[in-house]
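Peer 1: Structure file run.txt (compact mmCIF, C-alpha atoms) right here:
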```
# COMPACT_ATOMS: atom_id res chain seq x y z
CA MET A 222 34.08 -41.45 -18.22
CA THR A 223 30.43 -41.09 -17.44
CA THR A 224 31.36 -40.41 -13.83
CA ILE A 225 33.66 -37.52 -14.80
CA SER A 226 31.02 -35.92 -17.04
CA SER A 227 28.41 -36.33 -14.37
CA ALA A 228 30.68 -34.86 -11.71
CA SER A 229 31.55 -31.83 -13.83
CA ALA A 230 27.87 -31.31 -14.71
CA THR A 231 26.95 -31.52 -11.03
CA SER A 232 29.71 -29.05 -10.19
CA SER A 233 28.52 -26.64 -12.87
CA LEU A 234 24.95 -26.99 -11.66
CA ALA A 235 26.05 -26.28 -8.08
CA GLN A 236 27.91 -23.15 -9.21
CA LEU A 237 24.90 -21.96 -11.19
CA TRP A 238 22.57 -22.55 -8.25
CA GLN A 239 24.96 -20.81 -5.84
CA THR A 240 25.21 -17.76 -8.12
CA SER A 241 21.46 -17.71 -8.64
CA SER A 242 20.59 -18.05 -4.96
CA THR A 243 23.15 -15.40 -3.96
CA GLY A 244 21.56 -12.90 -6.35
CA GLN A 245 18.09 -13.68 -5.04
CA THR A 246 19.10 -13.31 -1.41
CA SER A 247 20.29 -9.74 -1.88
CA GLN A 248 17.04 -8.79 -3.62
CA ALA A 249 14.74 -10.38 -1.05
CA GLN A 250 15.36 -7.81 1.70
CA MET A 251 12.05 -5.91 1.55
CA PRO A 252 9.03 -7.29 -0.25
CA PRO A 253 7.28 -4.92 -2.63
CA PRO A 254 4.04 -3.32 -1.46
CA PRO A 255 0.83 -4.86 -2.70
CA LYS A 256 -0.88 -3.29 -5.66
CA PRO A 257 -4.50 -2.22 -5.40
CA PRO A 258 -6.68 -4.99 -6.80
CA LYS A 259 -7.49 -4.32 -10.45
CA ASP A 260 -10.46 -6.68 -10.70
CA ASP A 261 -12.04 -5.59 -7.41
CA GLY A 262 -13.25 -2.01 -7.64
CA LYS A 263 -14.36 -1.82 -3.98
CA MET A 264 -11.34 0.21 -2.93
CA GLN A 265 -11.79 2.65 -5.81
CA GLU A 266 -15.55 2.87 -5.18
CA ASP A 267 -14.93 3.65 -1.52
CA MET A 268 -12.34 6.28 -2.39
CA GLU A 269 -14.75 7.90 -4.84
CA SER A 270 -17.44 7.80 -2.14
CA VAL A 271 -15.09 9.46 0.37
CA LEU A 272 -14.18 12.16 -2.14
CA SER A 273 -17.88 12.77 -2.83
CA GLY A 274 -18.57 12.92 0.90
CA LEU A 275 -15.88 15.59 1.19
CA GLY A 276 -17.58 17.65 -1.52
CA ILE A 277 -15.64 16.58 -4.62
CA ASN A 278 -17.74 15.52 -7.60
CA THR A 279 -16.69 12.07 -8.84
CA ASP A 280 -19.81 11.26 -10.90
CA GLU A 281 -18.23 11.27 -14.35
CA MET A 282 -14.49 10.95 -14.06
CA SER A 283 -12.20 11.77 -16.97
CA ASP A 284 -9.24 9.58 -17.92
CA GLU A 285 -6.95 12.09 -16.17
CA GLN A 286 -8.98 11.83 -12.97
CA SER A 287 -9.05 8.03 -13.12
CA THR A 288 -5.30 7.96 -13.64
CA ALA A 289 -4.75 10.38 -10.75
CA LEU A 290 -6.95 8.22 -8.50
CA SER A 291 -5.09 5.04 -9.51
CA SER A 292 -1.73 6.72 -8.85
CA PHE A 293 -2.96 7.92 -5.47
CA MET A 294 -4.21 4.42 -4.61
CA GLN A 295 -0.81 2.92 -5.48
CA THR A 296 1.04 5.53 -3.42
CA LEU A 297 -1.38 4.98 -0.53
CA MET A 298 -0.67 1.23 -0.60
CA GLU A 299 3.08 1.88 -0.62
CA THR A 300 2.77 4.32 2.27
CA LEU A 301 0.58 1.94 4.26
CA HIS A 302 3.10 -0.84 3.65
CA SER A 303 5.86 1.38 5.06
CA GLN A 304 3.89 1.94 8.28
CA GLY A 305 4.59 -1.64 9.36
CA ALA A 306 1.80 -1.85 11.96
CA GLY A 307 -0.01 -4.52 9.95
CA ASP A 308 3.21 -6.49 9.48
CA GLU A 309 3.83 -6.42 13.23
CA ALA A 310 0.31 -7.72 13.92
CA ILE A 311 0.83 -10.57 11.47
CA LYS A 312 4.23 -11.44 12.98
CA SER A 313 2.75 -11.45 16.49
CA GLY A 314 0.05 -13.88 15.37
CA ASP A 315 -2.85 -11.40 15.57
CA GLN A 316 -5.60 -13.12 13.59
CA GLN A 317 -8.36 -10.67 14.56
CA SER A 318 -7.11 -7.35 13.21
CA ASN A 319 -7.11 -6.21 9.60
CA PRO A 320 -3.48 -5.28 8.79
CA MET A 321 -4.62 -2.52 6.43
CA GLN A 322 -6.75 -0.92 9.16
CA LEU A 323 -3.78 -0.99 11.56
CA ASP A 324 -1.56 0.66 8.93
CA LEU A 325 -4.27 3.27 8.26
CA GLN A 326 -4.45 4.11 11.96
CA SER A 327 -0.65 4.44 12.09
CA LEU A 328 -0.75 6.76 9.06
CA ILE A 329 -3.53 8.86 10.60
CA SER A 330 -1.42 9.25 13.74
CA LYS A 331 1.48 10.53 11.63
CA LEU A 332 -0.75 12.90 9.66
CA THR A 333 -2.37 14.38 12.75
CA GLY A 334 0.92 14.55 14.64
CA SER A 335 -0.31 12.31 17.45
CA SER A 336 2.24 9.55 16.88
CA ASP A 337 4.25 8.59 19.95
CA ASN A 338 6.72 6.59 17.87
CA SER A 339 9.88 8.16 16.59
CA SER A 340 9.39 8.71 12.89
CA ASP A 341 11.76 7.06 10.47
CA GLU A 342 12.83 8.78 7.27
CA SER A 343 11.41 6.21 4.83
CA SER A 344 7.97 6.53 6.36
CA ASP A 345 8.19 10.34 6.34
CA SER A 346 9.20 10.39 2.67
CA GLY A 347 6.28 8.05 1.95
CA VAL A 348 3.92 10.49 3.68
CA SER A 349 5.41 13.38 1.67
CA SER A 350 4.94 11.41 -1.54
CA LEU A 351 1.37 10.56 -0.54
CA GLN A 352 0.67 14.24 0.20
CA SER A 353 2.02 15.17 -3.23
CA GLN A 354 -0.13 12.51 -4.93
CA PHE A 355 -3.18 13.72 -2.98
CA SER A 356 -2.55 17.29 -4.15
CA SER A 357 -2.32 16.02 -7.74
CA LEU A 358 -5.56 14.10 -7.24
CA LEU A 359 -7.33 17.22 -5.97
CA ASP A 360 -5.88 19.25 -8.87
CA SER A 361 -7.24 16.73 -11.40
CA PHE A 362 -10.73 17.27 -9.95
CA GLY A 363 -10.28 21.05 -9.89
CA ALA A 364 -10.58 20.90 -6.11
CA SER A 365 -7.18 22.20 -4.99
CA ASP A 366 -8.93 25.07 -3.19
CA SER A 367 -11.54 22.82 -1.56
CA GLY A 368 -9.83 22.80 1.82
CA VAL A 369 -9.91 18.98 1.91
CA THR A 370 -6.83 17.64 3.66
CA LEU A 371 -5.09 14.30 3.37
CA ASP A 372 -5.80 13.43 7.00
CA GLN A 373 -9.53 14.13 6.45
CA PHE A 374 -9.51 11.85 3.44
CA VAL A 375 -7.54 9.03 5.12
CA SER A 376 -9.72 9.21 8.25
CA ALA A 377 -12.90 9.00 6.18
CA PHE A 378 -11.46 6.17 4.09
CA ALA A 379 -10.37 4.28 7.23
CA SER A 380 -13.98 4.31 8.41
CA LYS A 381 -14.87 2.24 5.33
CA VAL A 382 -12.18 -0.38 5.94
CA PRO A 383 -13.29 -3.16 8.32
CA SER A 384 -11.25 -3.50 11.49
CA GLY A 385 -11.49 -7.28 11.74
CA ARG A 386 -10.25 -9.97 9.41
CA SER A 387 -13.52 -11.89 9.56
CA GLU A 388 -15.50 -9.01 8.08
CA PRO A 389 -15.86 -8.79 4.30
CA GLY A 390 -14.00 -5.95 2.62
CA TYR A 391 -10.37 -4.99 2.72
CA VAL A 392 -8.16 -7.66 4.16
CA ILE A 393 -4.89 -7.03 2.42
CA ASP A 394 -1.86 -8.86 3.69
CA THR A 395 0.94 -6.34 3.24
CA THR A 396 3.62 -9.00 3.46
CA ALA A 397 4.86 -10.78 0.38
```
The structure given in the file should be rewritten as structure tokens.
Peer 2:
Amino acid sequence: MTTISSASATSSLAQLWQTSSTGQTSQAQMPPPPKPPKDDGKMQEDMESVLSGLGINTDEMSDEQSTALSSFMQTLMETLHSQGAGDEAIKSGDQQSNPMQLDLQSLISKLTGSSDNSSDESSDSGVSSLQSQFSSLLDSFGASDSGVTLDQFVSAFASKVPSGRSEPGYVIDTTA
């Protein structure tokens, strides 16, 4: 009798595992984008520095401005993740390049219209969402009439991100 109980328990366990693994497989298609580091304020400091360099006062930010900057950072990470240039470098075994810098350069190409690649819809919607978040960010600082553009901001921010993996700073693996 022990054999029968054991066999039925094993069968039930196999069915449970099969159901569980089937559900996980369908969800594992595209990994989520990384979130900006909460404990490391370097990215936020650099973004504030870029905004200041573009003439937007970030000395004493309100809660609304901090929230707008955090939302913009999250949308930027999602948009960079959708560029895929960093993922391609990782897949090809490129150990020298910073994936975030490659994604930034891809985004800059899209923003300036100098991209030779055919644009895909998900990336274009990410750029539209990023543009919307950037407009909200400028509005929160009262700088919607400043003339600062998203491509100016991204280009200035990209200059702060190291290009190599061996340099300290932003080395964010955009794969999960």
Peer 1: Could you jot down the atom CA of A:Glu299 to atom CA of A:Gly276 separation for me, Å, one decimal place?
Peer 2: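 The value is 26.0 Å.
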Peer 1: Rounded to one decimal place, report the atom CA of A:Gln295-atom CA of A:Leu351 distance in Å.
Peer 2: 9.4 Å
Peer 1: Rounded to one decimal place, report the atom CA of A:Ser376-atom CA of A:Ala306 distance in Å.
Peer 2: 16.4 Å
Peer 1: Residues at most 12 Å from A:Ser353, counting all atoms listed in the file, excluding those fewer than 4 positions away in the same chain, as a compact mmCIF listing (two decimals) with C-alpha atoms, in the frame of the given file?
Peer 2:
```
# COMPACT_ATOMS: atom_id res chain seq x y z
CA ALA A 289 -4.75 10.38 -10.75
CA SER A 292 -1.73 6.72 -8.85
CA PHE A 293 -2.96 7.92 -5.47
CA THR A 296 1.04 5.53 -3.42
CA LEU A 297 -1.38 4.98 -0.53
CA SER A 346 9.20 10.39 2.67
CA GLY A 347 6.28 8.05 1.95
CA VAL A 348 3.92 10.49 3.68
CA SER A 349 5.41 13.38 1.67
CA SER A 357 -2.32 16.02 -7.74
CA LEU A 358 -5.56 14.10 -7.24
CA LEU A 359 -7.33 17.22 -5.97
CA ASP A 360 -5.88 19.25 -8.87
CA SER A 365 -7.18 22.20 -4.99
CA THR A 370 -6.83 17.64 3.66
CA LEU A 371 -5.09 14.30 3.37
```
Peer 1: Please determine, counting all atoms listed in the file, which residue among A:Phe362, A:Met264, A:Glu285, A:Gly274 has the shortest atom-to-atom distance to A:Phe374.
Peer 2: A:Gly274
Peer 1: Let me make sure I understand: among A:Val271, A:His302, A:Gln326, A:Ser356, which one has the smallest atom-to-atom distance to A:Gly368 if we use only C-alpha atoms?
Peer 2: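 Distance minimum relative to A:Gly368 lands on A:Ser356.
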Peer 1: Mind checking which residues fall within 6 Å of A:Gly307, counting only C-alpha atoms, ignoring those fewer than 3 positions away in the same chain, and posting them as an MDAnalysis selection string?
Peer 2: chainID A and resid 310 320 323:324
Peer 1: Convert the current residue selection to file output with C-alpha atoms, as a PDB file, keeping the file's coordinate frame.
Peer 2:
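Produced file out03.pdb, reproduced below:
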```pdb
ATOM      1  CA  ALA A 310       0.310  -7.720  13.920  1.00  0.00           C
ATOM      2  CA  PRO A 320      -3.480  -5.280   8.790  1.00  0.00           C
ATOM      3  CA  LEU A 323      -3.780  -0.990  11.560  1.00  0.00           C
ATOM      4  CA  ASP A 324      -1.560   0.660   8.930  1.00  0.00           C
TER       5      ASP A 324
END
```
Peer 1: Restricting the calculation to only C-alpha atoms, which member of A:Phe378, A:Thr279, A:Gly314, A:Val369 is positioned closest to A:Leu328?
Peer 2: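 For A:Leu328, the nearest of the given residues is A:Phe378.
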Peer 1: Of the candidates A:Leu275, A:Met298, A:Leu290, A:Ile311, which shows the shortest atom-to-atom distance to A:Asp372, using all atoms listed in the file?
Peer 2: A:Leu275
Peer 1: Name the closest residue to A:Ala364 among the candidates A:Met282, A:Leu301, A:Ile277, A:Met321; distances are taken between atoms, counting all atoms listed in the file.
Peer 2: A:Ile277
